[in-house]
Every structure is written in structure tokens, then in C-alpha cells.
Amino acid sequence: MPDPLRPSGDLDELPVYDVEGVPVGRTFGVLTEAESGLVRYFDVALDERRRHVLVPVGHARVEKHLGRLRVRL
């Protein structure tokens with residue numbers, strides 16, 4: 001049985017901001033459903049803690065700010 005999620009480099013290296021607009025890290029990529037390709041999680045590399053966290057796609061928004069894409073939690 002294949003894994004239900006697979007990593008993808010799509011949307012990597014986007015800056016990530018918290019709800020107050022403070023930068024907290026960068027995206028390392030996303031986890032997608034193996035069969036459909038739907039994005040389910042953002043893999044976020046935190047600046048201060050040198051670790052990664054998975055953020056469900058429903059808790060983040062990709063937005064354009066000053067002509068560039070970023071992720072807002």
C-alpha cells in the first residue's frame with residue numbers, strides 16, 4: 001500500500017509570517033495526497049528553533065504581498 005501523502009518541492013522557500021505579521025520561517029515544501037495531488041500540509045522550517053513543523057493547509061493562506069508570494073498563518 002503506497003503512502004497516502006508524499007513530499008513535494010512546490011511552494012518551497014516562501015517566507016512564512018504569523019498572524020501578527022512577524023516572520024517565523026520559510027516553507028520547505030508541502031505534503032500532498034499521493035492519488036489526487038491536493039496539498040494537505042505546509043512543511044515550515046522555523047527560523048529560531050531550527051526545526052520543521054507541519055501546518056495543515058486550512059491554517060495557512062498563500063497571499064501576494066508587494067508583488068511576492070508568502071504564507072500567512
# chains A, B, ... in the order shown; residues from 1 in each chain; ligands from 1

$ residues_around --residues "Arg6 (chain A)" --least-positions-apart "2" --cutoff "12 Å" --atoms "only C-alpha atoms" --output "list in words"
Pro2, Asp3, Pro4, Ser8, Gly9, Asp10, Gly29, Val30, Leu31, Thr32, Glu33, Ala34, Glu35, Ser36, Gly37, Leu38, Val39, Arg40, Tyr41, Phe42 and Asp43 of chain A

$ write_last_selection --atoms "C-alpha atoms" --output "PDB file, in the first residue's frame"
ATOM      1  CA  PRO A   2       1.561   3.374  -1.008  1.00  0.00           C
ATOM      2  CA  ASP A   3       1.907   6.213   1.465  1.00  0.00           C
ATOM      3  CA  PRO A   4      -1.193   8.428   1.466  1.00  0.00           C
ATOM      4  CA  SER A   8       6.734  17.993  -2.972  1.00  0.00           C
ATOM      5  CA  GLY A   9       9.088  20.918  -3.538  1.00  0.00           C
ATOM      6  CA  ASP A  10       6.220  23.046  -4.801  1.00  0.00           C
ATOM      7  CA  GLY A  29       7.787  22.288   0.687  1.00  0.00           C
ATOM      8  CA  VAL A  30       4.370  20.703   1.011  1.00  0.00           C
ATOM      9  CA  LEU A  31       2.845  17.272   1.633  1.00  0.00           C
ATOM     10  CA  THR A  32       0.267  16.255  -0.954  1.00  0.00           C
ATOM     11  CA  GLU A  33      -2.185  13.389  -1.284  1.00  0.00           C
ATOM     12  CA  ALA A  34      -0.492  10.703  -3.344  1.00  0.00           C
ATOM     13  CA  GLU A  35      -3.505   9.981  -5.534  1.00  0.00           C
ATOM     14  CA  SER A  36      -5.006  13.429  -6.122  1.00  0.00           C
ATOM     15  CA  GLY A  37      -2.049  15.786  -5.614  1.00  0.00           C
ATOM     16  CA  LEU A  38      -4.063  18.008  -3.250  1.00  0.00           C
ATOM     17  CA  VAL A  39      -1.912  19.955  -0.809  1.00  0.00           C
ATOM     18  CA  ARG A  40      -2.622  18.921   2.801  1.00  0.00           C
ATOM     19  CA  TYR A  41       0.304  20.353   4.837  1.00  0.00           C
ATOM     20  CA  PHE A  42       2.960  23.043   4.587  1.00  0.00           C
ATOM     21  CA  ASP A  43       6.385  21.968   5.867  1.00  0.00           C
TER      22      ASP A  43
END

$ residues_around --residues "His59 (chain A)" --least-positions-apart "2" --cutoff "9 Å" --atoms "only C-alpha atoms" --output "PyMOL selection string"
chain A and resi 55-57+61+72-73

$ write_last_selection --atoms "N, CA, C and O atoms" --output "tab-separated table (two decimals), in the first residue's frame"
chain	number	residue	atom	x	y	z
A	55	VAL	N	2.07	22.35	9.04
A	55	VAL	CA	0.90	23.21	9.25
A	55	VAL	C	-0.19	22.76	8.29
A	55	VAL	O	0.02	22.75	7.07
A	56	PRO	N	-1.35	22.35	8.82
A	56	PRO	CA	-2.45	21.95	7.92
A	56	PRO	C	-2.81	23.10	6.98
A	56	PRO	O	-2.79	24.28	7.36
A	57	VAL	N	-3.13	22.76	5.76
A	57	VAL	CA	-3.40	23.77	4.74
A	57	VAL	C	-4.54	24.71	5.14
A	57	VAL	O	-4.53	25.88	4.78
A	61	ARG	N	-2.51	30.58	4.68
A	61	ARG	CA	-3.00	31.20	3.45
A	61	ARG	C	-1.81	31.67	2.62
A	61	ARG	O	-0.93	32.36	3.13
A	72	ARG	N	0.82	33.04	5.19
A	72	ARG	CA	0.38	33.70	6.43
A	72	ARG	C	-0.35	32.68	7.28
A	72	ARG	O	-1.26	32.01	6.80
A	73	LEU	N	0.07	32.51	8.52
A	73	LEU	CA	-0.59	31.56	9.43
A	73	LEU	C	-1.78	32.20	10.10
A	73	LEU	O	-1.83	33.38	10.30

$ select_by_dssp --residues "region 16-67 of chain A" --states "strand (DSSP E or B)" --output "short mmCIF file (atom, residue, chain, number, x, y, z; two decimals) with N, CA, C and O atoms, in the first residue's frame"
data_model
loop_
_atom_site.label_atom_id
_atom_site.label_comp_id
_atom_site.auth_asym_id
_atom_site.auth_seq_id
_atom_site.Cartn_x
_atom_site.Cartn_y
_atom_site.Cartn_z
N VAL A 16 7.30 32.77 5.67
CA VAL A 16 6.12 32.45 6.48
C VAL A 16 6.00 33.48 7.59
O VAL A 16 6.98 33.77 8.29
N TYR A 17 4.79 34.03 7.74
CA TYR A 17 4.51 35.04 8.76
C TYR A 17 3.42 34.54 9.69
O TYR A 17 2.51 33.84 9.25
N PRO A 23 7.73 37.59 10.81
CA PRO A 23 8.31 36.46 10.08
C PRO A 23 8.76 35.37 11.05
O PRO A 23 9.41 35.65 12.06
N VAL A 24 8.39 34.11 10.73
CA VAL A 24 8.73 32.99 11.61
C VAL A 24 9.55 31.91 10.92
O VAL A 24 10.07 31.02 11.58
N GLY A 25 9.65 31.95 9.60
CA GLY A 25 10.42 30.92 8.90
C GLY A 25 10.17 30.94 7.41
O GLY A 25 9.72 31.94 6.85
N ARG A 26 10.46 29.78 6.78
CA ARG A 26 10.27 29.62 5.34
C ARG A 26 9.67 28.25 5.08
O ARG A 26 9.89 27.33 5.85
N THR A 27 8.95 28.15 3.98
CA THR A 27 8.42 26.83 3.62
C THR A 27 9.55 25.97 3.09
O THR A 27 10.46 26.43 2.41
N PHE A 28 9.49 24.70 3.44
CA PHE A 28 10.45 23.71 2.97
C PHE A 28 9.84 22.88 1.86
O PHE A 28 10.49 22.12 1.19
N GLY A 29 8.54 23.03 1.69
CA GLY A 29 7.79 22.29 0.69
C GLY A 29 6.39 22.02 1.21
O GLY A 29 5.95 22.66 2.18
N VAL A 30 5.72 21.07 0.60
CA VAL A 30 4.37 20.70 1.01
C VAL A 30 4.24 19.18 1.01
O VAL A 30 5.03 18.48 0.39
N LEU A 31 3.23 18.68 1.71
CA LEU A 31 2.85 17.27 1.63
C LEU A 31 1.52 17.22 0.90
O LEU A 31 0.58 17.94 1.23
N THR A 32 1.46 16.37 -0.12
CA THR A 32 0.27 16.26 -0.95
C THR A 32 -0.30 14.85 -0.87
O THR A 32 0.41 13.90 -0.55
N GLU A 33 -1.58 14.71 -1.17
CA GLU A 33 -2.18 13.39 -1.28
C GLU A 33 -1.57 12.69 -2.48
O GLU A 33 -1.45 13.28 -3.57
N VAL A 39 -2.80 19.56 -1.89
CA VAL A 39 -1.91 19.95 -0.81
C VAL A 39 -2.66 19.80 0.52
O VAL A 39 -3.77 20.29 0.67
N ARG A 40 -2.02 19.12 1.48
CA ARG A 40 -2.62 18.92 2.80
C ARG A 40 -1.85 19.63 3.91
O ARG A 40 -2.44 20.07 4.88
N TYR A 41 -0.52 19.73 3.80
CA TYR A 41 0.30 20.35 4.84
C TYR A 41 1.41 21.18 4.22
O TYR A 41 1.96 20.83 3.18
N PHE A 42 1.75 22.29 4.88
CA PHE A 42 2.96 23.04 4.59
C PHE A 42 4.04 22.57 5.54
O PHE A 42 3.80 22.46 6.74
N ASP A 43 5.23 22.29 5.03
CA ASP A 43 6.39 21.97 5.87
C ASP A 43 7.11 23.29 6.09
O ASP A 43 7.68 23.86 5.16
N VAL A 44 7.07 23.79 7.32
CA VAL A 44 7.64 25.10 7.64
C VAL A 44 8.92 24.91 8.46
O VAL A 44 8.89 24.26 9.51
N ALA A 45 10.02 25.46 7.96
CA ALA A 45 11.28 25.47 8.70
C ALA A 45 11.30 26.75 9.53
O ALA A 45 11.32 27.86 9.00
N LEU A 46 11.25 26.59 10.85
CA LEU A 46 11.23 27.74 11.75
C LEU A 46 12.60 28.37 11.86
O LEU A 46 13.61 27.66 11.98
N HIS A 52 11.40 21.77 11.94
CA HIS A 52 10.29 21.87 10.99
C HIS A 52 8.99 21.53 11.69
O HIS A 52 8.96 20.67 12.57
N VAL A 53 7.92 22.18 11.27
CA VAL A 53 6.58 21.84 11.73
C VAL A 53 5.67 21.69 10.52
O VAL A 53 5.90 22.32 9.48
N LEU A 54 4.67 20.83 10.65
CA LEU A 54 3.69 20.66 9.59
C LEU A 54 2.46 21.48 9.95
O LEU A 54 1.90 21.32 11.03
N VAL A 55 2.07 22.35 9.04
CA VAL A 55 0.90 23.21 9.25
C VAL A 55 -0.19 22.76 8.29
O VAL A 55 0.02 22.75 7.07
N PRO A 56 -1.35 22.35 8.82
CA PRO A 56 -2.45 21.95 7.92
C PRO A 56 -2.81 23.10 6.98
O PRO A 56 -2.79 24.28 7.36
N ARG A 61 -2.51 30.58 4.68
CA ARG A 61 -3.00 31.20 3.45
C ARG A 61 -1.81 31.67 2.62
O ARG A 61 -0.93 32.36 3.13
N VAL A 62 -1.80 31.29 1.36
CA VAL A 62 -0.81 31.83 0.43
C VAL A 62 -1.37 33.13 -0.10
O VAL A 62 -2.49 33.16 -0.61
N GLU A 63 -0.60 34.20 0.06
CA GLU A 63 -1.07 35.50 -0.38
C GLU A 63 0.04 36.24 -1.10
O GLU A 63 1.21 35.93 -0.94
N LYS A 64 -0.34 37.21 -1.90
CA LYS A 64 0.62 38.05 -2.59
C LYS A 64 0.76 39.34 -1.80
O LYS A 64 -0.23 40.00 -1.49
N HIS A 65 1.99 39.68 -1.46
CA HIS A 65 2.27 40.90 -0.69
C HIS A 65 3.43 41.62 -1.38
O HIS A 65 4.52 41.05 -1.54
#

$ atom_distance --atom1 "CA of Leu69 (chain A)" --atom2 "CA of Arg51 (chain A)"
22.3 Å

$ atom_distance --atom1 "CA of Leu14 (chain A)" --atom2 "CA of Arg70 (chain A)"
5.3 Å
